[in-house]
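Novice: Contents of upload.txt (compact mmCIF, C-alpha atoms) are below:
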```txt
# COMPACT_ATOMS: atom_id res chain seq x y z
CA MET A 1022 -1.26 -12.36 -18.46
CA SER A 1023 -5.00 -11.98 -17.91
CA ILE A 1024 -6.53 -10.70 -14.69
CA VAL A 1025 -8.00 -14.11 -13.95
CA GLU A 1026 -4.66 -15.90 -14.49
CA ASN A 1027 -2.78 -13.40 -12.32
CA MET A 1028 -5.26 -13.64 -9.47
CA SER A 1029 -5.21 -17.44 -9.58
CA ARG A 1030 -1.42 -17.39 -9.13
CA LEU A 1031 -1.49 -15.47 -5.85
CA ASP A 1032 0.30 -17.32 -3.05
CA LEU A 1033 -1.12 -16.19 0.30
CA SER A 1034 1.00 -18.46 2.48
CA TYR A 1035 3.54 -17.26 5.01
CA ARG A 1036 7.04 -18.74 4.91
CA ASP A 1037 8.47 -20.53 7.92
CA ASP A 1038 12.02 -19.46 7.00
CA ALA A 1039 11.20 -15.74 6.67
CA GLN A 1040 12.97 -13.28 8.94
CA ARG A 1041 11.33 -11.88 12.04
CA ILE A 1042 13.03 -8.69 13.13
CA ARG A 1043 12.68 -7.21 16.60
CA THR A 1044 12.05 -3.48 16.27
CA ARG A 1045 11.00 -2.42 19.78
CA GLU A 1046 9.81 -3.98 23.02
CA GLY A 1047 7.25 -6.66 22.23
CA VAL A 1048 7.33 -6.18 18.46
CA GLU A 1049 8.79 -8.47 15.81
CA LEU A 1050 8.06 -7.81 12.15
CA TYR A 1051 7.61 -10.58 9.60
CA CYS A 1052 9.60 -9.74 6.47
CA GLU A 1053 10.83 -11.29 3.24
CA SER A 1054 13.65 -10.06 1.00
CA ARG A 1055 14.12 -11.02 -2.65
CA GLY A 1056 16.52 -9.83 -5.31
CA GLU A 1057 19.60 -7.64 -5.07
CA GLY A 1058 20.56 -4.01 -5.43
CA THR A 1059 18.50 -0.89 -4.87
CA VAL A 1060 15.86 -1.56 -2.22
CA ILE A 1061 12.13 -1.17 -2.92
CA THR A 1062 9.73 -1.59 0.00
CA PRO A 1063 6.00 -1.98 -0.66
CA LEU A 1064 4.06 -0.95 2.43
CA PRO A 1065 1.27 -3.32 3.49
CA ASN A 1066 -2.29 -1.97 3.54
CA LEU A 1067 -5.80 -3.19 4.36
CA VAL A 1068 -5.67 -6.08 1.90
CA ALA A 1069 -2.06 -6.17 0.63
CA THR A 1070 -0.15 -8.15 3.25
CA ALA A 1071 3.40 -9.42 2.68
CA PRO A 1072 2.33 -12.60 0.80
CA ILE A 1073 -0.01 -10.65 -1.46
CA TRP A 1074 2.70 -8.11 -2.37
CA ARG A 1075 4.95 -11.04 -3.26
CA GLY A 1076 2.65 -11.73 -6.19
CA PHE A 1077 2.85 -8.21 -7.58
CA THR A 1078 6.61 -7.60 -7.32
CA GLU A 1079 8.08 -10.48 -9.32
CA GLU A 1080 9.40 -8.22 -12.09
CA LEU A 1081 10.74 -5.68 -9.59
CA ALA A 1082 12.68 -8.43 -7.79
CA GLN A 1083 14.44 -9.36 -11.04
CA HIS A 1084 16.07 -5.92 -11.13
CA HIS A 1085 16.15 -4.71 -7.52
CA ARG A 1086 15.92 -5.93 -3.94
CA VAL A 1087 12.29 -6.07 -2.81
CA LEU A 1088 11.51 -6.01 0.90
CA VAL A 1089 7.95 -6.96 1.90
CA TYR A 1090 6.71 -7.09 5.48
CA ASP A 1091 3.68 -6.87 7.76
CA LEU A 1092 3.00 -3.96 10.07
CA ALA A 1093 2.75 -4.60 13.81
CA ASN A 1094 -0.77 -5.87 14.63
CA HIS A 1095 -1.23 -7.08 11.05
CA GLY A 1096 -0.55 -10.30 9.19
CA ALA A 1097 2.20 -12.43 10.73
CA SER A 1098 3.88 -9.65 12.74
CA SER A 1099 3.54 -9.25 16.50
CA ARG A 1100 0.33 -8.19 18.19
CA VAL A 1101 0.43 -5.44 20.80
CA GLU A 1102 -2.42 -4.33 23.04
CA LYS A 1103 -2.76 -0.81 21.65
CA GLU A 1104 -2.98 -0.23 17.89
CA PRO A 1105 0.30 1.43 16.82
CA THR A 1106 0.25 4.97 15.53
CA TRP A 1107 1.84 5.88 12.20
CA GLU A 1108 4.75 7.25 14.25
CA GLU A 1109 5.25 3.84 15.88
CA HIS A 1110 4.97 2.09 12.52
CA ALA A 1111 7.65 4.49 11.29
CA THR A 1112 9.87 3.59 14.25
CA ASP A 1113 9.40 -0.08 13.40
CA LEU A 1114 10.27 0.45 9.73
CA ILE A 1115 13.42 2.41 10.54
CA ALA A 1116 14.49 -0.26 13.05
CA MET A 1117 13.90 -2.98 10.45
CA LEU A 1118 15.97 -1.08 7.86
CA ASP A 1119 18.74 -0.63 10.44
CA ALA A 1120 18.72 -4.33 11.32
CA LEU A 1121 19.02 -5.20 7.63
CA GLU A 1122 21.72 -2.53 7.13
CA ILE A 1123 19.61 -0.71 4.54
CA GLU A 1124 20.51 2.97 4.38
CA SER A 1125 17.56 4.08 2.27
CA THR A 1126 14.73 2.62 0.22
CA TYR A 1127 12.03 3.45 -2.28
CA LEU A 1128 8.61 3.17 -0.65
CA ILE A 1129 5.45 2.01 -2.39
CA GLY A 1130 2.40 3.20 -0.51
CA SER A 1131 -0.99 1.96 -1.69
CA SER A 1132 -4.43 3.10 -0.60
CA THR A 1133 -4.31 3.70 3.20
CA THR A 1134 -0.52 3.39 3.40
CA THR A 1135 0.02 6.27 0.99
CA VAL A 1136 -0.47 8.28 4.22
CA PHE A 1137 2.32 6.29 5.86
CA ALA A 1138 4.62 6.72 2.84
CA ARG A 1139 3.99 10.47 2.80
CA ASP A 1140 4.75 10.74 6.52
CA MET A 1141 7.92 8.65 6.24
CA ALA A 1142 9.21 11.10 3.62
CA LEU A 1143 8.40 13.99 5.95
CA TRP A 1144 9.82 12.44 9.13
CA HIS A 1145 12.80 10.51 7.73
CA PRO A 1146 13.80 12.14 4.42
CA ASP A 1147 17.29 10.65 4.57
CA ARG A 1148 15.87 7.10 4.54
CA VAL A 1149 13.47 7.55 1.62
CA LYS A 1150 15.01 7.57 -1.88
CA GLY A 1151 11.68 7.98 -3.61
CA LEU A 1152 7.94 7.59 -3.15
CA VAL A 1153 5.36 5.71 -5.17
CA LEU A 1154 1.83 6.67 -4.13
CA SER A 1155 -0.54 4.13 -5.67
CA GLY A 1156 -4.21 5.04 -5.33
CA PRO A 1157 -3.69 7.81 -2.74
CA VAL A 1158 -6.39 8.30 -0.11
CA PHE A 1159 -5.69 12.03 -0.11
CA GLY A 1160 -5.99 14.52 -2.91
CA PRO A 1161 -4.78 17.97 -3.92
CA GLN A 1162 -7.38 19.77 -1.77
CA GLY A 1163 -7.64 17.35 1.15
CA MET A 1164 -9.40 14.09 1.87
CA ARG A 1165 -12.99 14.85 2.88
CA ARG A 1166 -14.49 12.49 0.29
CA GLN A 1167 -12.04 9.74 1.14
CA LYS A 1168 -12.91 10.03 4.85
CA GLN A 1169 -16.60 9.80 4.06
CA LEU A 1170 -16.01 6.55 2.18
CA GLN A 1171 -13.83 5.15 4.96
CA ARG A 1172 -16.49 5.92 7.57
CA ASN A 1173 -19.04 4.12 5.41
CA TRP A 1174 -16.77 1.07 5.16
CA LEU A 1175 -16.29 1.10 8.94
CA ARG A 1176 -20.04 1.27 9.57
CA THR A 1177 -20.60 -1.67 7.22
CA LEU A 1178 -17.88 -3.69 8.95
CA GLU A 1179 -19.17 -2.97 12.45
CA SER A 1180 -22.79 -3.64 11.52
CA ASN A 1181 -22.51 -6.63 9.20
CA GLY A 1182 -19.01 -8.14 9.36
CA LEU A 1183 -16.17 -9.02 6.99
CA ALA A 1184 -18.18 -10.53 4.14
CA ALA A 1185 -20.45 -7.49 3.99
CA VAL A 1186 -17.58 -5.00 4.00
CA PHE A 1187 -15.92 -6.92 1.15
CA ASP A 1188 -19.19 -6.73 -0.81
CA HIS A 1189 -19.18 -2.97 -0.12
CA LEU A 1190 -15.52 -2.48 -1.04
CA TYR A 1191 -15.39 -4.66 -4.14
CA PRO A 1192 -17.15 -2.40 -6.69
CA GLU A 1193 -15.37 0.65 -5.26
CA MET A 1194 -11.87 -0.84 -5.12
CA PHE A 1195 -11.75 -2.80 -8.37
CA SER A 1196 -12.31 -1.56 -11.89
CA SER A 1197 -15.25 -2.27 -14.17
CA GLU A 1198 -12.85 -4.20 -16.41
CA MET A 1199 -11.79 -6.45 -13.56
CA ASN A 1200 -15.37 -6.98 -12.41
CA GLU A 1201 -16.36 -8.16 -15.88
CA ALA A 1202 -13.29 -10.35 -16.32
CA LEU A 1203 -13.56 -12.11 -12.97
CA GLY A 1204 -17.33 -12.54 -12.90
CA THR A 1205 -19.04 -14.29 -10.01
CA PRO A 1206 -16.41 -17.04 -9.54
CA GLY A 1207 -13.63 -14.46 -9.29
CA PHE A 1208 -15.62 -12.32 -6.89
CA LEU A 1209 -16.27 -15.29 -4.62
CA GLY A 1210 -12.64 -16.39 -4.80
CA LEU A 1211 -11.36 -12.94 -3.87
CA ARG A 1212 -13.86 -12.69 -1.03
CA GLU A 1213 -12.64 -16.02 0.32
CA ALA A 1214 -9.03 -14.80 0.14
CA PHE A 1215 -9.98 -11.52 1.82
CA MET A 1216 -11.74 -13.38 4.64
CA ALA A 1217 -8.68 -15.61 5.10
CA VAL A 1218 -6.17 -12.78 5.56
CA SER A 1219 -8.36 -10.17 7.29
CA ASP A 1220 -9.17 -9.67 10.94
CA PRO A 1221 -12.23 -7.51 11.77
CA GLU A 1222 -10.53 -5.65 14.61
CA GLU A 1223 -7.41 -4.96 12.55
CA LEU A 1224 -9.51 -3.75 9.64
CA ALA A 1225 -11.56 -1.46 11.86
CA ARG A 1226 -8.42 0.07 13.34
CA SER A 1227 -6.99 0.62 9.86
CA PHE A 1228 -10.15 2.39 8.68
CA LYS A 1229 -10.08 4.61 11.76
CA SER A 1230 -6.38 5.45 11.35
CA ALA A 1231 -6.84 6.46 7.71
CA ALA A 1232 -9.97 8.47 8.50
CA ASN A 1233 -8.15 10.38 11.24
CA ASP A 1234 -5.40 11.65 8.94
CA THR A 1235 -5.18 15.43 8.65
CA HIS A 1236 -3.74 15.85 5.17
CA THR A 1237 -3.50 19.42 3.93
CA PRO A 1238 -2.21 20.82 0.61
CA ASP A 1239 0.83 22.30 2.35
CA LEU A 1240 2.34 18.86 3.08
CA PRO A 1241 3.42 17.65 -0.42
CA PRO A 1242 5.56 20.78 -1.11
CA GLN A 1243 7.62 19.89 1.98
CA ILE A 1244 8.70 16.55 0.48
CA ALA A 1245 11.93 16.61 -1.52
CA ALA A 1246 12.00 12.90 -2.41
CA PRO A 1247 11.05 12.18 -6.03
CA THR A 1248 7.40 11.18 -5.94
CA LEU A 1249 5.35 9.17 -8.42
CA VAL A 1250 1.55 9.24 -8.17
CA VAL A 1251 -0.03 6.20 -9.87
CA VAL A 1252 -3.78 5.80 -10.28
CA GLY A 1253 -6.10 3.75 -12.38
CA ASP A 1254 -8.38 5.80 -14.57
CA ASP A 1255 -11.31 3.99 -12.91
CA ASP A 1256 -10.21 4.89 -9.35
CA ILE A 1257 -13.25 6.00 -7.36
CA LEU A 1258 -11.20 7.92 -4.78
CA LEU A 1259 -9.00 10.10 -6.99
CA SER A 1260 -9.57 11.03 -10.63
CA PRO A 1261 -6.74 11.27 -13.17
CA THR A 1262 -7.09 15.07 -13.05
CA GLY A 1263 -6.87 15.05 -9.26
CA ALA A 1264 -3.87 12.72 -9.38
CA GLN A 1265 -1.99 15.08 -11.72
CA GLU A 1266 -2.83 18.06 -9.51
CA LEU A 1267 -1.57 16.14 -6.46
CA ALA A 1268 1.68 15.18 -8.22
CA ASP A 1269 2.22 18.83 -9.17
CA GLN A 1270 2.19 19.79 -5.48
CA PHE A 1271 5.35 17.80 -4.74
CA GLN A 1272 8.79 19.33 -5.27
CA ASP A 1273 9.64 16.53 -7.70
CA GLY A 1274 6.35 14.88 -8.59
CA THR A 1275 5.16 12.96 -11.64
CA CYS A 1276 1.90 11.20 -12.43
CA ARG A 1277 1.07 8.05 -14.38
CA ILE A 1278 -2.40 6.77 -15.21
CA ILE A 1279 -3.04 3.05 -15.80
CA PRO A 1280 -5.91 2.54 -18.28
CA LYS A 1281 -8.95 0.53 -17.17
CA ALA A 1282 -7.54 0.02 -13.66
CA GLY A 1283 -9.21 0.71 -10.34
CA HIS A 1284 -8.12 1.89 -6.90
CA GLN A 1285 -5.54 -0.89 -6.54
CA PRO A 1286 -4.05 -0.73 -10.08
CA PHE A 1287 -1.53 -3.50 -9.48
CA PHE A 1288 -4.45 -5.96 -9.18
CA ASP A 1289 -5.72 -4.94 -12.61
CA ASP A 1290 -2.41 -4.71 -14.45
CA ALA A 1291 0.57 -5.93 -12.43
CA GLY A 1292 2.88 -5.80 -15.46
CA THR A 1293 2.26 -2.16 -16.31
CA PHE A 1294 2.37 -1.20 -12.64
CA GLN A 1295 5.82 -2.72 -12.20
CA SER A 1296 7.09 -1.32 -15.50
CA ILE A 1297 6.11 2.18 -14.39
CA ILE A 1298 7.96 1.74 -11.10
CA LEU A 1299 11.06 0.35 -12.83
CA GLU A 1300 11.08 3.35 -15.16
CA PHE A 1301 10.68 5.71 -12.19
CA VAL A 1302 13.51 4.11 -10.21
CA LYS A 1303 15.79 4.10 -13.27
CA ASP A 1304 15.15 7.81 -13.79
CA VAL A 1305 15.82 8.72 -10.17
CA GLU A 1306 18.96 6.56 -9.97
CA SER A 1307 20.32 8.18 -13.16
CA ARG A 1308 20.40 11.52 -11.39
CA VAL A 1309 22.67 10.31 -8.57
```
Hey, can you dump this file as structure tokens for me?
Specialist:
Amino acid sequence: MSIVENMSRLDLSYRDDAQRIRTREGVELYCESRGEGTVITPLPNLVATAPIWRGFTEELAQHHRVLVYDLANHGASSRVEKEPTWEEHATDLIAMLDALEIESTYLIGSSTTTVFARDMALWHPDRVKGLVLSGPVFGPQGMRRQKQLQRNWLRTLESNGLAAVFDHLYPEMFSSEMNEALGTPGFLGLREAFMAVSDPEELARSFKSAANDTHTPDLPPQIAAPTLVVVGDDDILLSPTGAQELADQFQDGTCRIIPKAGHQPFFDDAGTFQSIILEFVKDVESRV
């Protein structure tokens, strides 16, 4: 399926019959569950809310149980006065898994939520069967460059608003191949979708949270969960070489590169992205 066809099929609507799970005082998480078997949980990020992930996990849901949800203060989940910390998001995720009687899950972190996935594996190793880090915002040496980019995005957002920050993000987030394939109509359509699902305050808080992370090279070696680093070879934040070096830092790390894909490789090639994850899960499950 072409990029244009895949993007046109995205369903951004929320479902009235979806579960809302109370995780702590004042917080209910919107979540959807599809498929059966081993649980895979994509973590929402700046642009990938629960409905968006639905469009990039169809193949996964044919083989496994896929759990998509929105973080507190994002999407259709509860709003609280103070932006939750990663620790509070972790508390929410564990409470949601408990409510659904899920002992452990594979986590897919993408962009900013690769930080969250990493921390979940550090804080709750018994609940994480494996990690997929798609387009990590940290590298083998640290994340100075990534923080510089995030501060630039935040300044654009605060100075000029949502449309301007999308214009800023677009050529950095999406590959040259996707830019050419979508053209001006695709760009305008994606910007409209971004504007529809994004809130300026939420986005600003997300940029700040990611920029405040203190990743160091000593963290990956502490993670025992099998870890798959996936990047597009046109990712502006982390090169294929850097991705392989990062994967090598984990106790059980592997790296896969998706040709002609950008920072969010599932947008460019959803089929290959899901095939790589299915292969990873199959390999890990075969060891049990």
Novice: Segment 1160-1177 of chain A: which residues within 6 Å, counting only C-alpha atoms, same-chain residues fewer than 5 positions away excluded, as a count of residues only?
Specialist: 8
Novice: Give me, as a list in words, all polymer residues having an atom no more than 8 Å from segment 1049-1053 of chain A, counting all atoms listed in the file and skipping those fewer than 5 positions away in the same chain.
Specialist: Ala1039, Gln1040, Arg1041, Ile1042, Arg1043, Thr1044, Ala1071, Leu1088, Val1089, Tyr1090, Asp1091, Leu1092, Ala1093, Ala1097, Ser1098, Ser1099, Asp1113 and Met1117 of chain A
Novice: Given all atoms listed in the file as the basis, pick out the residue of A:Thr1235, A:Gln1265, A:Leu1178, A:Lys1303 nearest to Ser1219 of chain A.
Specialist: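 Residue with the minimum atom-to-atom distance to Ser1219 of chain A: A:Leu1178.
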Novice: Counting all atoms listed in the file, which residues come within 6 Å of (10.2, 0.0, -2.2), with the point read in the file's coordinates, and could you list them as a VMD selection string?
Specialist: chain A and resid 1060 to 1063 1126 to 1129
Novice: With distances taken over all atoms listed in the file, which residue among A:Phe1215, A:Phe1288, A:Phe1159, A:Trp1107 lies nearest Ala1264 of chain A?
Specialist: A:Phe1159
Novice: Go ahead and compute the interatomic distance for atom CA of Ile1279 of chain A and atom CA of Phe1137 of chain A, in Å to one decimal.
Specialist: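 Result for atom CA of Ile1279 of chain A versus atom CA of Phe1137 of chain A: 22.5 Å, one decimal.
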Novice: As an exercise, work out the distance from atom CA of Leu1118 of chain A to atom CA of Pro1247 of chain A in Å and give it to one decimal place.
Specialist: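 About the pair atom CA of Leu1118 of chain A and atom CA of Pro1247 of chain A: they are 19.8 Å apart.
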Novice: With all atoms listed in the file as the counted atoms, please give the residues lying no more than 12 Å from Gln1083 of chain A, apart from itself and same-chain residues fewer than 6 positions off, as an mmCIF file with C-alpha atoms, in the coordinates of the input.
Specialist:
```cif
data_model
loop_
_atom_site.group_PDB
_atom_site.id
_atom_site.type_symbol
_atom_site.label_atom_id
_atom_site.label_comp_id
_atom_site.auth_asym_id
_atom_site.auth_seq_id
_atom_site.Cartn_x
_atom_site.Cartn_y
_atom_site.Cartn_z
ATOM 1 C CA ARG A 1055 14.120 -11.020 -2.650
ATOM 2 C CA GLY A 1056 16.520 -9.830 -5.310
ATOM 3 C CA GLU A 1057 19.600 -7.640 -5.070
ATOM 4 C CA GLY A 1058 20.560 -4.010 -5.430
ATOM 5 C CA THR A 1059 18.500 -0.890 -4.870
ATOM 6 C CA VAL A 1060 15.860 -1.560 -2.220
ATOM 7 C CA ILE A 1061 12.130 -1.170 -2.920
ATOM 8 C CA GLN A 1295 5.820 -2.720 -12.200
ATOM 9 C CA SER A 1296 7.090 -1.320 -15.500
ATOM 10 C CA LEU A 1299 11.060 0.350 -12.830
#
```
Novice: Give me the residues within 12 Å of Ser1034 of chain A as an MDAnalysis selection string, counting only C-alpha atoms and dropping any in the same chain fewer than 3 places off.
Specialist: chainID A and resid 1030:1031 1037:1039 1070:1076 1096:1097 1214 1217:1218
Novice: Quick one, how far is atom CA of Phe1077 of chain A from atom CA of Pro1206 of chain A?
Specialist: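 Atom CA of Pro1206 of chain A lies 21.3 Å from atom CA of Phe1077 of chain A.
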